[in-house]
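A short write-up of the structure that comes next.
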Amino acid sequence: QVQLVESGGGLVQAGGSLRLSCAASGISSSIGVMGWYRQAPGNQRELVATIGSGGSTIYADSVKGRFTISRDNTKKTIYLQMNSLKPEDTAVYYCNCIHAISGNNYWGEGTLVTVSS
């Protein structure tokens, strides 16, 4: 059974930094694109950043220049370094993984990031 376990969320003041991690288990080496999405109260889930198996990245305009996604394929883990955090970054952050062969989509349970003003 595929599991994605996020960690690293918490409370931080505006301007501060946090680093999220997401470790995948129960999945072979055929991991395709992995990424981070977020959902604030009353809002739809939105893309934050994705990273392909070869390292290609996509970022939402709202986080470009502040967030950096990275990946360690040997550990089946992705990271999200979040700098210059703003109150509007407050949300539950979800890890996502797409199996490279089946195309199946997997989600973590989420980790809460709260940025105080």
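Within each chain, counting starts at residue 1; across the structure tokens, chains are named A, B, ... in the order shown, with ligands numbered 1 upward in that order.
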Please provide the set of residues having any atom within 12 Å of Ser56 of chain A, restricted to only C-alpha atoms, with same-chain residues fewer than 3 positions apart removed, written as a ChimeraX atom specification. /A:32-35,49-53,59,68-71
Which residues of segment 24-67 of chain A come within 7 Å of segment 74-82 of chain A, and for each one, what is the closest pair of atoms and their distance in Å to one decimal, counting only C-alpha atoms, sorted by chain and residue number, as a tab-separated table?
```
residue	atom	partner	partner_atom	distance
A:Ala24	CA	A:Lys76	CA	5.5
A:Arg66	CA	A:Met82	CA	6.2
A:Phe67	CA	A:Met82	CA	4.5
```
What's the 12 Å shell around Ser25 of chain A, counting only C-alpha atoms, without same-chain residues fewer than 6 positions away, as a list in words? Gln1, Val2, Gln3, Leu4, Val5, Glu6, Ile31, Asn73, Thr74, Lys75, Lys76, Thr77, Cys97, Tyr106, Trp107 and Gly108 of chain A
For the selection you just gave me, I'd like the residues written to a file as a short mmCIF file (atom, residue, chain, number, x, y, z; two decimals), in the first residue's frame, keeping all heavy atoms.
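And here is the file that came out, out-v2.cif:
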```cif
data_model
loop_
_atom_site.label_atom_id
_atom_site.label_comp_id
_atom_site.auth_asym_id
_atom_site.auth_seq_id
_atom_site.Cartn_x
_atom_site.Cartn_y
_atom_site.Cartn_z
N GLN A 1 0.85 -1.19 0.00
CA GLN A 1 0.00 0.00 0.00
C GLN A 1 0.88 1.24 0.00
O GLN A 1 1.78 1.38 0.82
CB GLN A 1 -0.90 0.00 1.24
CG GLN A 1 -1.87 1.16 1.28
CD GLN A 1 -2.78 1.08 2.48
OE1 GLN A 1 -2.74 0.13 3.25
NE2 GLN A 1 -3.61 2.08 2.64
N VAL A 2 0.56 2.13 -0.90
CA VAL A 2 1.35 3.35 -1.03
C VAL A 2 0.99 4.32 0.09
O VAL A 2 -0.19 4.56 0.36
CB VAL A 2 1.12 4.02 -2.39
CG1 VAL A 2 1.89 5.34 -2.48
CG2 VAL A 2 1.53 3.08 -3.52
N GLN A 3 1.99 4.87 0.72
CA GLN A 3 1.78 5.87 1.76
C GLN A 3 2.70 7.05 1.52
O GLN A 3 3.87 6.88 1.15
CB GLN A 3 2.05 5.30 3.15
CG GLN A 3 0.94 4.44 3.70
CD GLN A 3 1.15 4.11 5.16
OE1 GLN A 3 2.25 3.78 5.57
NE2 GLN A 3 0.09 4.20 5.95
N LEU A 4 2.15 8.24 1.71
CA LEU A 4 2.93 9.46 1.67
C LEU A 4 2.81 10.11 3.04
O LEU A 4 1.69 10.39 3.49
CB LEU A 4 2.42 10.42 0.59
CG LEU A 4 2.44 9.90 -0.84
CD1 LEU A 4 1.79 10.92 -1.77
CD2 LEU A 4 3.86 9.61 -1.29
N VAL A 5 3.93 10.35 3.68
CA VAL A 5 3.91 10.91 5.03
C VAL A 5 4.62 12.25 5.02
O VAL A 5 5.82 12.34 4.73
CB VAL A 5 4.59 9.96 6.04
CG1 VAL A 5 4.58 10.57 7.43
CG2 VAL A 5 3.88 8.61 6.05
N GLU A 6 3.84 13.29 5.32
CA GLU A 6 4.39 14.65 5.36
C GLU A 6 4.85 15.00 6.77
O GLU A 6 4.29 14.51 7.75
CB GLU A 6 3.35 15.68 4.92
CG GLU A 6 2.77 15.48 3.54
CD GLU A 6 1.36 14.94 3.57
OE1 GLU A 6 1.01 14.25 4.54
OE2 GLU A 6 0.60 15.20 2.61
N ILE A 31 8.34 5.99 -9.53
CA ILE A 31 7.65 7.19 -9.06
C ILE A 31 7.83 8.26 -10.12
O ILE A 31 8.93 8.55 -10.54
CB ILE A 31 8.23 7.68 -7.73
CG1 ILE A 31 8.08 6.62 -6.65
CG2 ILE A 31 7.55 8.97 -7.30
CD1 ILE A 31 8.72 6.97 -5.34
N ASN A 73 15.65 10.88 -4.91
CA ASN A 73 15.04 9.66 -5.45
C ASN A 73 15.47 8.42 -4.67
O ASN A 73 14.70 7.46 -4.57
CB ASN A 73 15.41 9.49 -6.92
CG ASN A 73 14.68 10.49 -7.80
OD1 ASN A 73 13.55 10.89 -7.51
ND2 ASN A 73 15.31 10.92 -8.87
N THR A 74 16.66 8.43 -4.10
CA THR A 74 17.11 7.26 -3.34
C THR A 74 16.30 7.08 -2.06
O THR A 74 16.10 5.96 -1.60
CB THR A 74 18.60 7.37 -2.98
OG1 THR A 74 18.79 8.52 -2.15
CG2 THR A 74 19.45 7.51 -4.23
N LYS A 75 15.82 8.18 -1.53
CA LYS A 75 15.01 8.13 -0.31
C LYS A 75 13.51 8.21 -0.60
O LYS A 75 12.71 8.16 0.33
CB LYS A 75 15.40 9.27 0.63
CG LYS A 75 16.82 9.20 1.15
CD LYS A 75 17.12 10.36 2.10
CE LYS A 75 18.53 10.28 2.64
NZ LYS A 75 18.82 11.41 3.55
N LYS A 76 13.16 8.37 -1.89
CA LYS A 76 11.75 8.52 -2.28
C LYS A 76 11.11 9.64 -1.46
O LYS A 76 10.01 9.50 -0.93
CB LYS A 76 10.98 7.21 -2.10
CG LYS A 76 11.53 6.06 -2.94
CD LYS A 76 10.77 4.77 -2.70
CE LYS A 76 11.41 3.62 -3.45
NZ LYS A 76 10.72 2.33 -3.19
N THR A 77 11.81 10.74 -1.38
CA THR A 77 11.39 11.86 -0.55
C THR A 77 11.49 13.16 -1.33
O THR A 77 12.43 13.35 -2.11
CB THR A 77 12.27 11.95 0.71
OG1 THR A 77 12.13 10.75 1.47
CG2 THR A 77 11.88 13.13 1.59
N CYS A 97 1.81 12.22 -5.34
CA CYS A 97 2.74 11.37 -6.11
C CYS A 97 1.94 10.70 -7.23
O CYS A 97 0.83 10.22 -7.00
CB CYS A 97 3.36 10.34 -5.19
SG CYS A 97 4.24 9.03 -6.02
N TYR A 106 -1.62 9.52 -5.77
CA TYR A 106 -1.63 9.27 -4.33
C TYR A 106 -1.46 10.59 -3.58
O TYR A 106 -0.74 11.49 -4.03
CB TYR A 106 -0.52 8.31 -3.94
CG TYR A 106 -0.61 6.97 -4.64
CD1 TYR A 106 0.15 6.71 -5.77
CD2 TYR A 106 -1.46 5.98 -4.17
CE1 TYR A 106 0.06 5.49 -6.43
CE2 TYR A 106 -1.56 4.76 -4.82
CZ TYR A 106 -0.80 4.52 -5.95
OH TYR A 106 -0.91 3.32 -6.60
N TRP A 107 -2.11 10.66 -2.41
CA TRP A 107 -2.06 11.86 -1.58
C TRP A 107 -1.67 11.53 -0.15
O TRP A 107 -2.04 10.48 0.38
CB TRP A 107 -3.44 12.54 -1.54
CG TRP A 107 -3.87 13.11 -2.84
CD1 TRP A 107 -4.63 12.52 -3.79
CD2 TRP A 107 -3.56 14.41 -3.34
NE1 TRP A 107 -4.82 13.36 -4.85
CE2 TRP A 107 -4.17 14.54 -4.61
CE3 TRP A 107 -2.82 15.49 -2.85
CZ2 TRP A 107 -4.07 15.69 -5.39
CZ3 TRP A 107 -2.72 16.66 -3.62
CH2 TRP A 107 -3.34 16.74 -4.88
N GLY A 108 -0.93 12.42 0.48
CA GLY A 108 -0.69 12.34 1.90
C GLY A 108 -1.86 12.93 2.66
O GLY A 108 -2.82 13.43 2.07
#
```
How many Å lie between atom CA of Cys22 of chain A and atom CA of Gly42 of chain A, rounded to one decimal? 24.5 Å
Between atom CA of Val48 of chain A and atom CA of His99 of chain A, what is the spacing in Å?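 These two atoms are separated by 19.2 Å.
Closest approach to Thr111 of chain A among A:Ala23, A:Leu85, A:Cys95, A:Leu47 is made by A:Cys95 (distances from only C-alpha atoms).
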Find the spatial neighbours of Thr114 of chain A, counting only C-alpha atoms, within a cut-off of 10 Å - ignore same-chain residues fewer than 5 positions away - and output them as a CSV table (one decimal) with N, CA, C and O atoms, in the first residue's frame.
```
chain,number,residue,atom,x,y,z
A,9,GLY,N,5.4,20.8,9.1
A,9,GLY,CA,4.5,22.0,9.3
A,9,GLY,C,4.6,22.6,10.6
A,9,GLY,O,5.2,22.0,11.5
A,10,GLY,N,3.9,23.7,10.8
A,10,GLY,CA,3.9,24.4,12.1
A,10,GLY,C,3.5,25.8,12.0
A,10,GLY,O,3.0,26.3,11.0
A,11,LEU,N,3.8,26.5,13.1
A,11,LEU,CA,3.5,27.9,13.2
A,11,LEU,C,4.7,28.7,13.1
A,11,LEU,O,5.7,28.5,13.7
A,12,VAL,N,4.7,29.8,12.2
A,12,VAL,CA,5.9,30.6,12.0
A,12,VAL,C,5.4,32.0,11.8
A,12,VAL,O,4.3,32.3,11.3
A,13,GLN,N,6.2,33.0,12.1
A,13,GLN,CA,5.9,34.4,11.9
A,13,GLN,C,6.1,34.8,10.4
A,13,GLN,O,6.9,34.1,9.7
A,14,ALA,N,5.4,35.8,10.0
A,14,ALA,CA,5.6,36.2,8.6
A,14,ALA,C,7.1,36.6,8.4
A,14,ALA,O,7.7,37.2,9.3
A,85,LEU,N,7.8,33.6,4.3
A,85,LEU,CA,6.5,33.2,4.4
A,85,LEU,C,5.5,34.4,4.6
A,85,LEU,O,5.9,35.3,5.4
A,86,LYS,N,4.3,34.3,4.1
A,86,LYS,CA,3.3,35.3,4.2
A,86,LYS,C,2.1,34.7,4.9
A,86,LYS,O,1.8,33.5,4.8
A,87,PRO,N,1.3,35.5,5.5
A,87,PRO,CA,0.0,35.0,6.1
A,87,PRO,C,-0.8,34.2,5.1
A,87,PRO,O,-1.5,33.3,5.5
A,88,GLU,N,-0.8,34.7,3.9
A,88,GLU,CA,-1.6,34.0,2.8
A,88,GLU,C,-1.1,32.7,2.4
A,88,GLU,O,-1.7,31.9,1.7
A,89,ASP,N,0.1,32.3,2.9
A,89,ASP,CA,0.6,30.9,2.7
A,89,ASP,C,0.0,29.9,3.7
A,89,ASP,O,0.2,28.7,3.6
A,90,THR,N,-0.8,30.4,4.7
A,90,THR,CA,-1.4,29.6,5.7
A,90,THR,C,-2.4,28.6,5.0
A,90,THR,O,-3.3,29.0,4.2
A,91,ALA,N,-2.2,27.3,5.2
A,91,ALA,CA,-3.0,26.3,4.6
A,91,ALA,C,-2.5,24.9,5.1
A,91,ALA,O,-1.5,24.8,5.7
A,92,VAL,N,-3.3,23.9,4.7
A,92,VAL,CA,-2.9,22.5,4.9
A,92,VAL,C,-2.1,22.2,3.6
A,92,VAL,O,-2.7,22.3,2.5
```
What separation in Å, quoted to one decimal, exists between atom CA of Asn104 of chain A and atom CA of Ala40 of chain A? 24.9 Å
Quick check for you: according to DSSP on this backbone, which residues of segment 1-113 of chain A are classed as strand (DSSP E or B)? Reply as an MDAnalysis selection string. chainID A and resid 3:7 10:13 18:25 31:39 46:51 57:59 67:72 77:82 91:99 105:107 111:113
Which is closer to Ala100 of chain A than all the others in A:Ser116, A:Ser28, A:Ser17, A:Asn43, using only C-alpha atoms? A:Ser28
